[in-house]
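J.: Take this structure first; my questions come after.
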Amino acid sequence: MADLTKPCRYAHTEGHTDLCFDADGSHLLTCGQDGDVRVWKSLDEDDPTSYRLGEQVFSVLLKNNRIFTMSDSNSVQASTFPDGAPDGIITRFTTHGTHMCVNETGTYIVAGSSDFTLKYVEIETGDNKTFQSHEAPILSVALDPKEEFIATSSCDGTVKVWKIETQECVKTFQNVLKPSSDFSASTSLCRLTWHPHTRQLIIPTQKCVAVYECQTWKSLYTLADDNIKEIVSLVALSPCKNYLALACLDGLIQVWNLKGTRKACLSMKHSKGLTISALVFNPSGNKDLVYADNQGSLGVIKNSIPESNSLTEDSNKVDSPAEWMDAFDSDDDDLVGEAASGQLTDDITVYNETGPVVPQSHSKAAKNSKDLEPKVNDDDDVESCSAVTDVQPSRALSAPTTPLQKAFQPSSTPVHLSQRFMVWNSVGIIKQYSTEEEYSIDIEFHDTATHHALHIDNSTLNHTMAALSDQAVVLACEGDSDSLSQLVCMHFGSWDGNKEWTSVMPKGEVIQVVAIGDGWIAIATSKRLVRIFSIGGVQTEIISIPGNVVTMAAHSNQLMITYHQGPGLPGDQNLGIQLLQVRGKKKRKLINGDQLPLTAKSTLSWLGFSAEGTPVIIDSTGVVCILNRGFCSTWTRIADLKKQLKGKSDNYWMVAVYENAQQMRCIHCKGSTYPPVLPRPTISILSFEVPVCDLTTEKGALEESYIRHDVLGGYVDYWASQGMALDDDDKHEIIRPKKEALMKMFALACQCERDVRAVEVCELMPDSYTVQLAIKYASRLGRIQLAERISEIAQTKCEEETEALFEEDTSHRPATNGWSNADRDAAEDDIEDELVDENNDIEEIDDNTKKEPLLNLDPKQEREAKNPFSSSGSRKNPFKVGSQSQSQSQSSNQSRGSRVFDDMDVTRKRSKVNKSPADKSPEMVLKPKPVVRKQGRIVFNKNQNKTKTKSDTVQTTDDRNENENTENVTEFKKKSAFDMWFEANKESIETESPDLDEEDLIKIAAEKFTAVPREERKEWLDKSKEYNTLEGNIERKRKRDTDIDEAGISKPVNCSEQSLSKKKKPLTQSTNSKLSAFKRD
């Protein structure tokens, strides 16, 4: 009969836990998700020996004084025992291993991985055979005692038998377990075993254990029991090979007699119902059965094997209280009394063939033990069992700490791989080969015009880090005991013939991450330093960061650094980020130590910039976030890569992000985390999707489109703030989808009679002209009240645009110090040309204003409107209904209003061939160009005679000048705010400086005008606008009174025509606001 023992003790953190014994059973080894391997001399040991062998360890073996582990390093590693020192790498995979076993002599090891691969490896030489046929991660491996066959179970639901010599699959058992796509998601571990004497294959299936004959693969018998309610996951043979232990998902553990009755001689169940993740007999022959559950706890069942092969009365015998209390240590004397009274027991409930066994001390009739016959359906027994299992002894356990994420290079695969990508970006690919035959680096460029391919020997320095741009290649090594960490740069554009330079780090400082920008290089070291070099090798900056670096990326003049800010919540990483502008006139911090928004229980897997220069991050759960510069530099989630995958074991490996084309370029890694070097993987193009609510509805889809285009188009404003600008046509194409989404959202709100929502949508519109379209649409629908409210928004946006224009004029006004006469004359020429063009623009706007009021309240009257997406000079009415008659058009106001978006796809005139955004290659990234600004807008009072054409010359009459006749009239010249201020203050300036000439006076006046307070300058600007408007009206009146024919001879207008002409209406406040946008100081 099994002895009752102490409750399960803590061994590892929550998650998959594995265990094994050494050959004589004196040491027990356990591994878990905390990355530690612990050596126990007994389960009572309070301080077992612990080795740190990875972030996560999935399997452990001990053979010939060597510890073999499978960790998240995607390899089978060997360590010495009992020292725990590294002793080499046996084999590698593209993802983490799941299970392994060794032969009796310890010369060969069989290992399975999550990348669907099985390997049979000779430990000393490293020679291996690879078996690939499974369609999902491998769960379990088992080696035939004669080393002829290997049996494997997989998440695809099958069990396969492989012949080692031919590497062929000789047998496949279908539907053994429920299929899944990931090791962690599998409902069963399906741990297989071979009987060493009979070579029978033992397979745990759904609710039984099946035994098959070798070679013929016929089913011999099955082990099933009524107590088995859940899937059988584990099996283990006893040292004598006559007994088989099995474990189910509900925590049931049974020991079966294989030689005699083939019945269960022991049944025990975990009182908490936890799943057993590992099960093994002690090979010393003491009949101990050790198990581990999925919470990282460790337990043991004493005397798990009966004394005889057949079941006797001893099987049902219940130990006395004195016997099972001896299992406790002397330190637990205070718990003995509670245990004897039925208030305390272990985590295992003991069963016999009839049901659960309850200690006699739990019954009032303990003295009459022969009359005690516990039954599983007895209410008293069930009550007492539940009472026992509810009370557990308390144990002080320290909270496990989350391991800090190690530093890594973006767009690279792990260093331990023999063939790996050092970097893969939009410029090219760098591959590293670290095999016995070759230690080299291959550099390949997507565009051969950048540079030809390179092959570099890597046997000396062993570079492990690389960065690549169209200007240079940067390589770095960590160094070792014989050499220091070094940085090597190969500059393509060097004109002096020396293309390569090297920089050696100080002793004790190791390079961890490298990045390259536009003309500069950054490296992060183990001393929490970021060193910045010029591309020619000059050390320019040394930056200290407040934590250990995690990764780093660069683009143009931006440098992004992530580092550890300290320990995070359990399972979380607490990472900080700094975004620096390291080049240019203004070196500043754009983001200073903000916390990186990773999802729960995840790590950072990729960090970089989009092709347009916006920071992007990806965590281990596949969530993609981009920096939203337009909203307080926050992070917006724009994609979830996991949702675009079919299998749970699959992953996407990021290569590049394009905002303009709205694409992500990734590599699909089937069943692994990282792509293989050979065969060369293909690129997959993915789209963005913002996780808005109600995405399946029309409203949600439009909101997602608006947010996506708004966030991904934010780089335009950023580069404009840096003194760069995009082409007007390209900028229009970027903003157009955002405007379309807003107009459709407005139309949907109007159709649903959601006026408040419609007004809120108008507030999001980027300019006043788009708001005017909304006003006209509401007017066509007869929503007068809504149109009036929107007109207030339009008025506000007009004022904001005018103020922005004024700010731009004043902020970019050039200084006048050191102006030459030629510069001043050129500036006057430019200003005069601007004034002529501006005068024509004002007249055109004034005429259009009479035709197109800001708010049209008459839905029956057809008025022309500018298409906001066309720069053509012609006017087109987007609300006009095809070629219907006038009567039909007037009788269908609702129809006209619903067709307001018919012309939304009209684009600006460019070239004869107009490509759609979908046809644009993502490689054709929009490159900013410098903003071209005119010299200035200060008008100098200097008479100049210009030669003008007839269309540019305006002949007027001036009553104030008696010497001029009606044929030779002077042109009206507008006055700027500076002109009016200078006329008012000219005498005082001359008094202060009487010896200066006119030109020097103008220079001094310009300097003083620049120092005038903003409010006073605005007053002078208003005065100049009032003066120019009044004089402009007089000028236009004179033009209307005179008709100029083609020969240039003026003739009076007929009285009949004059009587038919409309009287000029005074300009409204909104019109003046429009006109003010076209004024110049």
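Just remember, in the structure tokens the first chain shown is A, the second B, etc., residues are 1-based per chain, and ligands are 1-based in the order shown.
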Would you list, as an MDAnalysis selection string, the residues of segment 465-710 of chain A that end up in strand (DSSP E) under DSSP run on this structure's backbone?
T.: chainID A and resid 465:468 472:477 486:491 500:504 511:516 520:525 529:534 539:544 549:555 558:567 573:581 588:595 604:609 615:619 623:628 634:640 651:658 663:669 683:686
J.: When you draw a straight line from atom CA of Tyr51 of chain A to atom CA of Asp34 of chain A, how long is it in Å?
T.: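 Distance between the two atoms: 10.9 Å.
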J.: Where does DSSP see helix (DSSP H, G or I) in segment 731-823 of chain A, if you list the residues as an NGL selection string?
T.: :A and (731-751 or 755-764 or 768-780 or 784-811 or 821-823)
J.: Measuring between only C-alpha atoms, which one of A:Ile523, A:Leu475, A:Ala185, A:Met743 shows the shortest distance to Glu500 of chain A?
T.: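 For Glu500 of chain A, the nearest of the candidates is A:Leu475.
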J.: Which residue gives the smallest distance to Thr460 of chain A among A:Leu764, A:Ile231, A:Ile441, A:Val209, with only C-alpha atoms counted?
T.: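 Closest candidate: A:Ile441.
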J.: Closest to Ser219 of chain A among A:Tyr715, A:Trp653, A:Phe281, A:Phe173, using only C-alpha atoms?
T.: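 Of A:Tyr715, A:Trp653, A:Phe281, A:Phe173, the one nearest Ser219 of chain A, counting only C-alpha atoms, is A:Phe173.
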J.: Take atom CA of Lys797 of chain A and atom CA of Asp767 of chain A and report the distance between them in Å, one decimal.
T.: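 Taking atom CA of Lys797 of chain A and atom CA of Asp767 of chain A, their separation equals 6.6 Å.
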